[in-house]
Amino acid sequence: MSTRGPVPLVGGRRTTSGWGWLPALVIIGLGVAAWQVYATRSGVSAQILPSPARVVHAGWLDRGALWTNTLATLQETLFGFLLAAAVGFVLSMIIDASTILRNALMPLLIGSQTLPLVAIAPLVIIWFGFGLTPKILLVALLSFFPITVALLEGYQATDPDVERLLISMGARRWRVFRSARLPTSMPFFFAGLRIAITYSVVVAIFAEYAGATAGLGVYIEEETHVFRTDLVFAAVLVTTLVTVGLFAATYALERIMIPWYRISRQTTRR
Amino acid sequence: MTSRPPITPERADQEAPKLRLDGVHHAYRDLEVLDGVSLELATGELVTIVGPSGCGKSTIFSILTGATAPTSGHVLIDNAPLGPATERFAVMPQSDALLPWRRVLDNVTLGLEVQGVSRREARERVQPLLATFGLEQFARAYPFQLSGGMRQRAALLRTVVQDRSVLLLDEPFGALDALTRTDMQAWLESVWDTFRWSVLLITHDIREAVFLSDRIYVLSPRPARVVAEVAVQLPRPRRIEHLSSPEFVQTEAGLRQVLHDARGDAAQR
């Protein structure tokens, strides 16, 4: 991108991206307004379609229960996610190190993603009980895959010149991995993390639905049975907010862990 | 300017060369790449290999770094067979290969870290050289924040601090624009003049070869062999303004002629 005249050292894009949320907010605002008007004017029952104001109000009144259950779901998601990241790193390193293991493991990994959640979730609950463990396992089962694939892609993206250089310096395999392949894969890792996080909360809730004592899944199920549609909507809203929050957190983590990446992108964009 | 035989009179009585390639052959399957390449590099000498592109210059480097084994022939360093290559050579690749996640200072110490030198000691060793290489202000910058010329300086500093016997520079300025390249050549000449490393340089830039070298080996098109050895008699330190001196122009023209002849011979073969 070429620009005439002086260019600010830290990209002019930052100011635009500060307003980047505006169109999304406008769209959401319009949608909510239309919903509010329809729900209050059309005479539809609040048990079928509560108005947004009613959802927020009911959610606020029941905030204690919502909060407790959100914490339970968040805990499952985060632990599942940590497990997925750990498994992703270990698996990707094993696969990267050996072609035989790659050929042996890849079909299994892909196969693991074809398991229908509706079938596997109740089974995992039967095996591991109603506690935290089955939810962590289910979240991990579905989120380790994009993380592993992203890491593998990242290792492959390593500059061959850099590898040759390290070898000429006397580096062994592990050193090349540590100094070149692993750092190269980091931006890919965060991209994989973002893909995984968008559905990990939903997976945790589904796992709770299949059998749990606490969590947003349990809350949704209970409120559905007593026709508190407004509270169901409130729980859905919380789920969305949690997911968006976790998504944003990956960017924060990226900024802390690989600060060079954002600076390099700003530099090359100019 | 002399052609073969390779030993020029003033070098005849010196001690054994730092590096000697003796009849090095290399074939990749049926494809003969090197057809008995012999060359020498004395301590503190800057020697260049020039040749048409694809002639096998890079194969010579990969043999020296141990990445490729010669089909036959010998590589001698200090008159002894080449041991673990990585302990002898420091390589500057064609692309600067700086790591984008390391600041310049940490890029420069990479080779020392691989050798097992602690990060602190590596930094201490590099510190005094940063100023000489004009990188003092950029030590904390990331490579992508530097100009092409500055990146090459950092890459060269990373190469020399490894403290190896011979520096292998593979078309170090090939990716730079013409103006920056001339600046970098003048700069390399001045730092080389200060430190007198033993350097083996690969280039296809004839002017660069004449400007920087003590001697130049001209390779034929593949399969490569040395078709001429040219000693550059121009006095040092050499400066940009010498590029237009009659001696320089004459040497450059002579070398160009040798290269073109070599290619013509190959076409007739």
# chains A, B, ... in the order shown; residues from 1 in each chain; ligands from 1
$ residues_around --residues "region 246-252 of chain B" --least-positions-apart "6" --cutoff "7 Å" --atoms "only C-alpha atoms" --output "JSON list (two decimals) with N, CA and C atoms, in the first residue's frame"
[["chain", "number", "residue", "atom", "x", "y", "z"],
["B", 206, "ILE", "N", 29.84, -9.07, -11.30],
["B", 206, "ILE", "CA", 31.26, -8.96, -11.67],
["B", 206, "ILE", "C", 31.93, -7.78, -10.97],
["B", 207, "ARG", "N", 31.22, -6.66, -10.93],
["B", 207, "ARG", "CA", 31.80, -5.47, -10.32],
["B", 207, "ARG", "C", 32.05, -5.71, -8.83],
["B", 210, "VAL", "N", 35.19, -7.80, -8.38],
["B", 210, "VAL", "CA", 36.44, -7.04, -8.56],
["B", 210, "VAL", "C", 36.67, -6.09, -7.40]]
$ closest_atom_pairs --of "chain B" --to "chain A" --cutoff "6 Å" --atoms "only C-alpha atoms" --output "JSON lines"
{"residue": "B:Thr86", "atom": "CA", "partner": "A:Gly170", "partner_atom": "CA", "distance": 5.3}
{"residue": "B:Ala97", "atom": "CA", "partner": "A:Val162", "partner_atom": "CA", "distance": 5.2}
{"residue": "B:Trp101", "atom": "CA", "partner": "A:Trp260", "partner_atom": "CA", "distance": 5.5}
{"residue": "B:Gly111", "atom": "CA", "partner": "A:Met169", "partner_atom": "CA", "distance": 5.7}
{"residue": "B:Val114", "atom": "CA", "partner": "A:Ala171", "partner_atom": "CA", "distance": 5.9}
$ residues_around --residues "Arg103 (chain B)" --least-positions-apart "6" --cutoff "6 Å" --atoms "only C-alpha atoms" --output "PyMOL selection string"
chain B and resi 140-142
$ write_last_selection --atoms "N, CA and C atoms" --output "PDB file, in the first residue's frame"
ATOM      1  N   ARG B 140      17.700  -2.739  19.658  1.00  0.00           N
ATOM      2  CA  ARG B 140      16.411  -3.110  20.249  1.00  0.00           C
ATOM      3  C   ARG B 140      15.304  -3.202  19.209  1.00  0.00           C
ATOM      4  N   ALA B 141      15.616  -2.928  17.940  1.00  0.00           N
ATOM      5  CA  ALA B 141      14.580  -2.943  16.892  1.00  0.00           C
ATOM      6  C   ALA B 141      14.358  -4.364  16.400  1.00  0.00           C
ATOM      7  N   TYR B 142      13.212  -4.596  15.806  1.00  0.00           N
ATOM      8  CA  TYR B 142      12.948  -5.861  15.142  1.00  0.00           C
ATOM      9  C   TYR B 142      13.461  -5.775  13.701  1.00  0.00           C
TER      10      TYR B 142
END
$ atom_distance --atom1 "CA of Ala46 (chain A)" --atom2 "CA of Ala235 (chain A)"
15.9 Å
$ residues_around --residues "region 82-98 of chain A" --least-positions-apart "3" --cutoff "9 Å" --atoms "only C-alpha atoms" --output "PyMOL selection string"
chain A and resi 77-79+101-106+136-137+139-152+155-156+193
$ write_last_selection --atoms "N, CA and C atoms" --output "PDB file, in the first residue's frame"
ATOM      1  N   THR A  77     -14.990 -24.859  30.163  1.00  0.00           N
ATOM      2  CA  THR A  77     -14.440 -24.415  28.889  1.00  0.00           C
ATOM      3  C   THR A  77     -12.940 -24.170  28.997  1.00  0.00           C
ATOM      4  N   LEU A  78     -12.543 -23.450  30.038  1.00  0.00           N
ATOM      5  CA  LEU A  78     -11.131 -23.083  30.148  1.00  0.00           C
ATOM      6  C   LEU A  78     -10.251 -24.305  30.403  1.00  0.00           C
ATOM      7  N   PHE A  79     -10.696 -25.187  31.300  1.00  0.00           N
ATOM      8  CA  PHE A  79      -9.897 -26.388  31.559  1.00  0.00           C
ATOM      9  C   PHE A  79      -9.832 -27.262  30.308  1.00  0.00           C
ATOM     10  N   LEU A 101       4.786 -41.648  12.338  1.00  0.00           N
ATOM     11  CA  LEU A 101       3.764 -41.296  13.323  1.00  0.00           C
ATOM     12  C   LEU A 101       2.704 -40.387  12.715  1.00  0.00           C
ATOM     13  N   ARG A 102       3.130 -39.512  11.779  1.00  0.00           N
ATOM     14  CA  ARG A 102       2.153 -38.671  11.105  1.00  0.00           C
ATOM     15  C   ARG A 102       1.133 -39.548  10.373  1.00  0.00           C
ATOM     16  N   ASN A 103       1.661 -40.499   9.601  1.00  0.00           N
ATOM     17  CA  ASN A 103       0.767 -41.381   8.848  1.00  0.00           C
ATOM     18  C   ASN A 103      -0.103 -42.216   9.770  1.00  0.00           C
ATOM     19  N   ALA A 104       0.448 -42.580  10.932  1.00  0.00           N
ATOM     20  CA  ALA A 104      -0.315 -43.406  11.864  1.00  0.00           C
ATOM     21  C   ALA A 104      -1.397 -42.598  12.576  1.00  0.00           C
ATOM     22  N   LEU A 105      -1.088 -41.341  12.898  1.00  0.00           N
ATOM     23  CA  LEU A 105      -1.986 -40.580  13.770  1.00  0.00           C
ATOM     24  C   LEU A 105      -3.021 -39.735  13.029  1.00  0.00           C
ATOM     25  N   MET A 106      -2.636 -39.205  11.854  1.00  0.00           N
ATOM     26  CA  MET A 106      -3.532 -38.254  11.186  1.00  0.00           C
ATOM     27  C   MET A 106      -4.941 -38.823  10.935  1.00  0.00           C
ATOM     28  N   ILE A 136     -14.783 -31.371  30.471  1.00  0.00           N
ATOM     29  CA  ILE A 136     -13.431 -30.983  30.052  1.00  0.00           C
ATOM     30  C   ILE A 136     -13.004 -31.841  28.874  1.00  0.00           C
ATOM     31  N   LEU A 137     -13.270 -33.161  28.981  1.00  0.00           N
ATOM     32  CA  LEU A 137     -12.858 -34.076  27.914  1.00  0.00           C
ATOM     33  C   LEU A 137     -13.571 -33.754  26.604  1.00  0.00           C
ATOM     34  N   VAL A 139     -14.955 -30.861  25.639  1.00  0.00           N
ATOM     35  CA  VAL A 139     -14.452 -29.595  25.080  1.00  0.00           C
ATOM     36  C   VAL A 139     -13.085 -29.832  24.421  1.00  0.00           C
ATOM     37  N   ALA A 140     -12.229 -30.578  25.126  1.00  0.00           N
ATOM     38  CA  ALA A 140     -10.890 -30.837  24.596  1.00  0.00           C
ATOM     39  C   ALA A 140     -10.950 -31.642  23.309  1.00  0.00           C
ATOM     40  N   LEU A 141     -11.856 -32.628  23.281  1.00  0.00           N
ATOM     41  CA  LEU A 141     -11.971 -33.500  22.108  1.00  0.00           C
ATOM     42  C   LEU A 141     -12.285 -32.697  20.849  1.00  0.00           C
ATOM     43  N   LEU A 142     -13.127 -31.658  21.008  1.00  0.00           N
ATOM     44  CA  LEU A 142     -13.497 -30.897  19.822  1.00  0.00           C
ATOM     45  C   LEU A 142     -12.565 -29.731  19.530  1.00  0.00           C
ATOM     46  N   SER A 143     -11.818 -29.262  20.539  1.00  0.00           N
ATOM     47  CA  SER A 143     -10.995 -28.088  20.241  1.00  0.00           C
ATOM     48  C   SER A 143      -9.517 -28.406  20.022  1.00  0.00           C
ATOM     49  N   PHE A 144      -9.093 -29.625  20.331  1.00  0.00           N
ATOM     50  CA  PHE A 144      -7.665 -29.900  20.118  1.00  0.00           C
ATOM     51  C   PHE A 144      -7.336 -29.956  18.622  1.00  0.00           C
ATOM     52  N   PHE A 145      -8.337 -30.300  17.799  1.00  0.00           N
ATOM     53  CA  PHE A 145      -8.058 -30.535  16.383  1.00  0.00           C
ATOM     54  C   PHE A 145      -7.627 -29.271  15.629  1.00  0.00           C
ATOM     55  N   PRO A 146      -8.430 -28.197  15.684  1.00  0.00           N
ATOM     56  CA  PRO A 146      -7.959 -26.987  14.986  1.00  0.00           C
ATOM     57  C   PRO A 146      -6.629 -26.479  15.534  1.00  0.00           C
ATOM     58  N   ILE A 147      -6.383 -26.686  16.823  1.00  0.00           N
ATOM     59  CA  ILE A 147      -5.119 -26.227  17.396  1.00  0.00           C
ATOM     60  C   ILE A 147      -3.959 -27.047  16.825  1.00  0.00           C
ATOM     61  N   THR A 148      -4.143 -28.368  16.789  1.00  0.00           N
ATOM     62  CA  THR A 148      -3.085 -29.241  16.264  1.00  0.00           C
ATOM     63  C   THR A 148      -2.800 -28.937  14.799  1.00  0.00           C
ATOM     64  N   VAL A 149      -3.862 -28.829  14.014  1.00  0.00           N
ATOM     65  CA  VAL A 149      -3.682 -28.570  12.580  1.00  0.00           C
ATOM     66  C   VAL A 149      -2.987 -27.230  12.367  1.00  0.00           C
ATOM     67  N   ALA A 150      -3.395 -26.216  13.150  1.00  0.00           N
ATOM     68  CA  ALA A 150      -2.778 -24.897  13.005  1.00  0.00           C
ATOM     69  C   ALA A 150      -1.287 -24.964  13.324  1.00  0.00           C
ATOM     70  N   LEU A 151      -0.932 -25.677  14.394  1.00  0.00           N
ATOM     71  CA  LEU A 151       0.478 -25.792  14.763  1.00  0.00           C
ATOM     72  C   LEU A 151       1.268 -26.497  13.656  1.00  0.00           C
ATOM     73  N   LEU A 152       0.695 -27.558  13.105  1.00  0.00           N
ATOM     74  CA  LEU A 152       1.395 -28.294  12.043  1.00  0.00           C
ATOM     75  C   LEU A 152       1.630 -27.401  10.822  1.00  0.00           C
ATOM     76  N   TYR A 155       4.498 -25.055  11.664  1.00  0.00           N
ATOM     77  CA  TYR A 155       5.845 -25.639  11.561  1.00  0.00           C
ATOM     78  C   TYR A 155       6.284 -25.684  10.101  1.00  0.00           C
ATOM     79  N   GLN A 156       5.315 -26.056   9.234  1.00  0.00           N
ATOM     80  CA  GLN A 156       5.641 -26.182   7.808  1.00  0.00           C
ATOM     81  C   GLN A 156       6.013 -24.843   7.181  1.00  0.00           C
ATOM     82  N   LEU A 193      -6.479 -21.288  17.821  1.00  0.00           N
ATOM     83  CA  LEU A 193      -7.107 -21.062  19.116  1.00  0.00           C
ATOM     84  C   LEU A 193      -8.440 -20.326  18.938  1.00  0.00           C
TER      85      LEU A 193
END
$ select_by_dssp --residues "region 36-266 of chain B" --states "helix (DSSP H, G or I)" --output "VMD selection string"
chain B and resid 57 to 64 85 to 87 104 to 108 110 to 114 119 to 132 136 to 138 143 to 145 148 to 160 178 to 195 206 to 212 240 to 244 246 to 266
$ write_last_selection --atoms "C-alpha atoms" --output "compact mmCIF listing (two decimals), in the first residue's frame"
# COMPACT_ATOMS: atom_id res chain seq x y z
CA LYS B 57 28.33 -22.32 -6.88
CA SER B 58 25.88 -23.10 -4.15
CA THR B 59 26.81 -26.79 -4.26
CA ILE B 60 30.34 -25.79 -3.27
CA PHE B 61 28.91 -24.05 -0.21
CA SER B 62 26.71 -26.93 0.73
CA ILE B 63 29.74 -29.25 0.49
CA LEU B 64 31.70 -26.90 2.74
CA ALA B 85 32.00 -28.51 9.10
CA THR B 86 29.95 -26.38 11.45
CA GLU B 87 32.96 -25.73 13.66
CA VAL B 104 18.44 -7.28 16.27
CA LEU B 105 20.67 -7.84 19.29
CA ASP B 106 19.19 -11.31 19.89
CA ASN B 107 19.41 -12.17 16.20
CA VAL B 108 23.08 -11.31 16.18
CA LEU B 110 21.93 -16.54 17.70
CA GLY B 111 25.05 -18.39 16.53
CA LEU B 112 26.72 -18.02 19.91
CA GLU B 113 23.60 -19.29 21.65
CA VAL B 114 23.57 -22.36 19.42
CA ARG B 119 22.78 -15.16 26.46
CA ARG B 120 24.50 -12.70 28.76
CA GLU B 121 27.99 -13.57 27.64
CA ALA B 122 26.89 -13.57 24.00
CA ARG B 123 25.54 -10.05 24.41
CA GLU B 124 28.74 -8.90 26.04
CA ARG B 125 30.76 -10.25 23.15
CA VAL B 126 28.55 -8.61 20.54
CA GLN B 127 28.17 -5.25 22.24
CA PRO B 128 31.49 -3.67 21.15
CA LEU B 129 30.89 -4.69 17.53
CA LEU B 130 27.44 -3.13 17.25
CA ALA B 131 28.92 0.33 16.81
CA THR B 132 31.46 -0.83 14.24
CA GLU B 136 24.08 0.55 17.84
CA GLN B 137 20.76 2.43 17.58
CA PHE B 138 18.99 -0.59 16.13
CA PRO B 143 14.43 -6.88 11.77
CA PHE B 144 11.32 -5.83 9.83
CA GLN B 145 11.82 -2.31 11.13
CA GLY B 148 17.60 -3.83 3.56
CA GLY B 149 21.13 -2.56 4.07
CA MET B 150 20.84 -2.57 7.85
CA ARG B 151 19.45 -6.10 7.77
CA GLN B 152 22.48 -7.26 5.81
CA ARG B 153 24.77 -5.59 8.35
CA ALA B 154 23.01 -7.47 11.13
CA ALA B 155 23.27 -10.71 9.17
CA LEU B 156 27.00 -10.17 8.64
CA LEU B 157 27.54 -9.36 12.30
CA ARG B 158 25.69 -12.55 13.22
CA THR B 159 28.09 -14.39 10.92
CA VAL B 160 31.36 -12.93 12.15
CA ALA B 178 21.61 -1.10 -6.93
CA LEU B 179 22.34 2.00 -4.88
CA THR B 180 22.18 0.25 -1.52
CA ARG B 181 24.25 -2.58 -2.93
CA THR B 182 27.10 -0.23 -3.89
CA ASP B 183 26.95 1.34 -0.42
CA MET B 184 27.06 -2.07 1.21
CA GLN B 185 29.98 -3.19 -0.92
CA ALA B 186 31.95 -0.11 0.12
CA TRP B 187 30.98 -0.72 3.72
CA LEU B 188 31.96 -4.41 3.60
CA GLU B 189 35.30 -3.45 2.07
CA SER B 190 35.98 -1.05 4.95
CA VAL B 191 35.06 -3.48 7.75
CA TRP B 192 36.88 -6.32 6.03
CA ASP B 193 39.93 -4.09 5.81
CA THR B 194 39.75 -3.63 9.59
CA PHE B 195 39.22 -7.28 10.56
CA ILE B 206 31.26 -8.96 -11.67
CA ARG B 207 31.80 -5.47 -10.32
CA GLU B 208 31.24 -6.67 -6.75
CA ALA B 209 33.78 -9.44 -7.29
CA VAL B 210 36.44 -7.04 -8.56
CA PHE B 211 35.72 -4.43 -5.93
CA LEU B 212 35.97 -6.77 -2.94
CA ILE B 240 33.37 3.84 -4.53
CA GLU B 241 35.27 6.43 -6.59
CA HIS B 242 37.76 3.72 -7.59
CA LEU B 243 34.97 2.01 -9.52
CA SER B 244 35.64 4.38 -12.42
CA PRO B 246 41.14 2.87 -15.44
CA GLU B 247 42.65 -0.06 -13.52
CA PHE B 248 39.29 -1.03 -12.12
CA VAL B 249 37.49 -0.72 -15.42
CA GLN B 250 40.20 -2.76 -17.14
CA THR B 251 40.05 -5.54 -14.53
CA GLU B 252 36.28 -5.63 -14.68
CA ALA B 253 36.31 -5.80 -18.49
CA GLY B 254 38.89 -8.58 -18.39
CA LEU B 255 36.86 -10.61 -15.94
CA ARG B 256 33.69 -10.14 -17.97
CA GLN B 257 35.56 -11.39 -21.05
CA VAL B 258 36.76 -14.49 -19.18
CA LEU B 259 33.21 -15.24 -18.01
CA HIS B 260 31.76 -14.87 -21.48
CA ASP B 261 34.52 -17.00 -22.98
CA ALA B 262 33.83 -19.67 -20.40
CA ARG B 263 30.20 -19.74 -21.36
CA GLY B 264 31.06 -19.81 -25.06
CA ASP B 265 33.39 -22.78 -24.56
CA ALA B 266 30.69 -24.61 -22.72
$ residues_around --residues "Gly131 (chain A)" --least-positions-apart "2" --cutoff "9 Å" --atoms "only C-alpha atoms" --output "list in words"
Ile125, Phe128, Gly129, Thr133, Pro134, Lys135, Gly211, Ala212 and Thr213 of chain A
$ decode --residues "region 85-112 of chain A" --atoms "N, CA and C atoms" --output "mmCIF file, in the first residue's frame"
data_model
loop_
_atom_site.group_PDB
_atom_site.id
_atom_site.type_symbol
_atom_site.label_atom_id
_atom_site.label_comp_id
_atom_site.auth_asym_id
_atom_site.auth_seq_id
_atom_site.Cartn_x
_atom_site.Cartn_y
_atom_site.Cartn_z
ATOM 1 N N ALA A 85 -5.024 -27.425 24.293
ATOM 2 C CA ALA A 85 -3.773 -26.782 23.872
ATOM 3 C C ALA A 85 -2.588 -27.694 24.185
ATOM 4 N N ALA A 86 -2.589 -28.283 25.391
ATOM 5 C CA ALA A 86 -1.487 -29.171 25.778
ATOM 6 C C ALA A 86 -1.414 -30.376 24.843
ATOM 7 N N VAL A 87 -2.569 -31.003 24.615
ATOM 8 C CA VAL A 87 -2.615 -32.165 23.720
ATOM 9 C C VAL A 87 -2.196 -31.745 22.306
ATOM 10 N N GLY A 88 -2.671 -30.571 21.875
ATOM 11 C CA GLY A 88 -2.324 -30.069 20.545
ATOM 12 C C GLY A 88 -0.828 -29.911 20.376
ATOM 13 N N PHE A 89 -0.169 -29.344 21.385
ATOM 14 C CA PHE A 89 1.277 -29.153 21.302
ATOM 15 C C PHE A 89 2.000 -30.499 21.231
ATOM 16 N N VAL A 90 1.636 -31.399 22.130
ATOM 17 C CA VAL A 90 2.316 -32.692 22.178
ATOM 18 C C VAL A 90 2.116 -33.451 20.858
ATOM 19 N N LEU A 91 0.850 -33.530 20.429
ATOM 20 C CA LEU A 91 0.549 -34.255 19.185
ATOM 21 C C LEU A 91 1.263 -33.637 17.988
ATOM 22 N N SER A 92 1.203 -32.317 17.885
ATOM 23 C CA SER A 92 1.808 -31.660 16.724
ATOM 24 C C SER A 92 3.314 -31.909 16.706
ATOM 25 N N MET A 93 3.937 -31.931 17.880
ATOM 26 C CA MET A 93 5.375 -32.170 17.928
ATOM 27 C C MET A 93 5.701 -33.606 17.533
ATOM 28 N N ILE A 94 4.885 -34.540 17.988
ATOM 29 C CA ILE A 94 5.107 -35.942 17.614
ATOM 30 C C ILE A 94 4.943 -36.106 16.106
ATOM 31 N N ILE A 95 3.864 -35.534 15.570
ATOM 32 C CA ILE A 95 3.585 -35.676 14.141
ATOM 33 C C ILE A 95 4.666 -34.993 13.313
ATOM 34 N N ASP A 96 5.131 -33.848 13.799
ATOM 35 C CA ASP A 96 6.161 -33.104 13.079
ATOM 36 C C ASP A 96 7.490 -33.852 13.068
ATOM 37 N N ALA A 97 7.726 -34.636 14.120
ATOM 38 C CA ALA A 97 9.033 -35.278 14.259
ATOM 39 C C ALA A 97 9.166 -36.520 13.386
ATOM 40 N N SER A 98 8.060 -37.169 13.060
ATOM 41 C CA SER A 98 8.194 -38.445 12.376
ATOM 42 C C SER A 98 7.096 -38.667 11.352
ATOM 43 N N THR A 99 7.504 -39.018 10.147
ATOM 44 C CA THR A 99 6.529 -39.266 9.071
ATOM 45 C C THR A 99 5.685 -40.494 9.381
ATOM 46 N N ILE A 100 6.312 -41.501 9.982
ATOM 47 C CA ILE A 100 5.568 -42.720 10.305
ATOM 48 C C ILE A 100 4.441 -42.404 11.288
ATOM 49 N N LEU A 101 4.786 -41.648 12.338
ATOM 50 C CA LEU A 101 3.764 -41.296 13.323
ATOM 51 C C LEU A 101 2.704 -40.387 12.715
ATOM 52 N N ARG A 102 3.130 -39.512 11.779
ATOM 53 C CA ARG A 102 2.153 -38.671 11.105
ATOM 54 C C ARG A 102 1.133 -39.548 10.373
ATOM 55 N N ASN A 103 1.661 -40.499 9.601
ATOM 56 C CA ASN A 103 0.767 -41.381 8.848
ATOM 57 C C ASN A 103 -0.103 -42.216 9.770
ATOM 58 N N ALA A 104 0.448 -42.580 10.932
ATOM 59 C CA ALA A 104 -0.315 -43.406 11.864
ATOM 60 C C ALA A 104 -1.397 -42.598 12.576
ATOM 61 N N LEU A 105 -1.088 -41.341 12.898
ATOM 62 C CA LEU A 105 -1.986 -40.580 13.770
ATOM 63 C C LEU A 105 -3.021 -39.735 13.029
ATOM 64 N N MET A 106 -2.636 -39.205 11.854
ATOM 65 C CA MET A 106 -3.532 -38.254 11.186
ATOM 66 C C MET A 106 -4.941 -38.823 10.935
ATOM 67 N N PRO A 107 -5.065 -40.064 10.408
ATOM 68 C CA PRO A 107 -6.425 -40.585 10.196
ATOM 69 C C PRO A 107 -7.227 -40.650 11.494
ATOM 70 N N LEU A 108 -6.543 -41.015 12.579
ATOM 71 C CA LEU A 108 -7.212 -41.064 13.884
ATOM 72 C C LEU A 108 -7.718 -39.686 14.301
ATOM 73 N N LEU A 109 -6.860 -38.697 14.111
ATOM 74 C CA LEU A 109 -7.238 -37.340 14.520
ATOM 75 C C LEU A 109 -8.433 -36.852 13.719
ATOM 76 N N ILE A 110 -8.381 -37.089 12.413
ATOM 77 C CA ILE A 110 -9.500 -36.664 11.566
ATOM 78 C C ILE A 110 -10.758 -37.443 11.974
ATOM 79 N N GLY A 111 -10.582 -38.741 12.219
ATOM 80 C CA GLY A 111 -11.703 -39.573 12.657
ATOM 81 C C GLY A 111 -12.331 -39.050 13.932
ATOM 82 N N SER A 112 -11.492 -38.536 14.845
ATOM 83 C CA SER A 112 -12.014 -38.036 16.122
ATOM 84 C C SER A 112 -12.978 -36.882 15.907
#
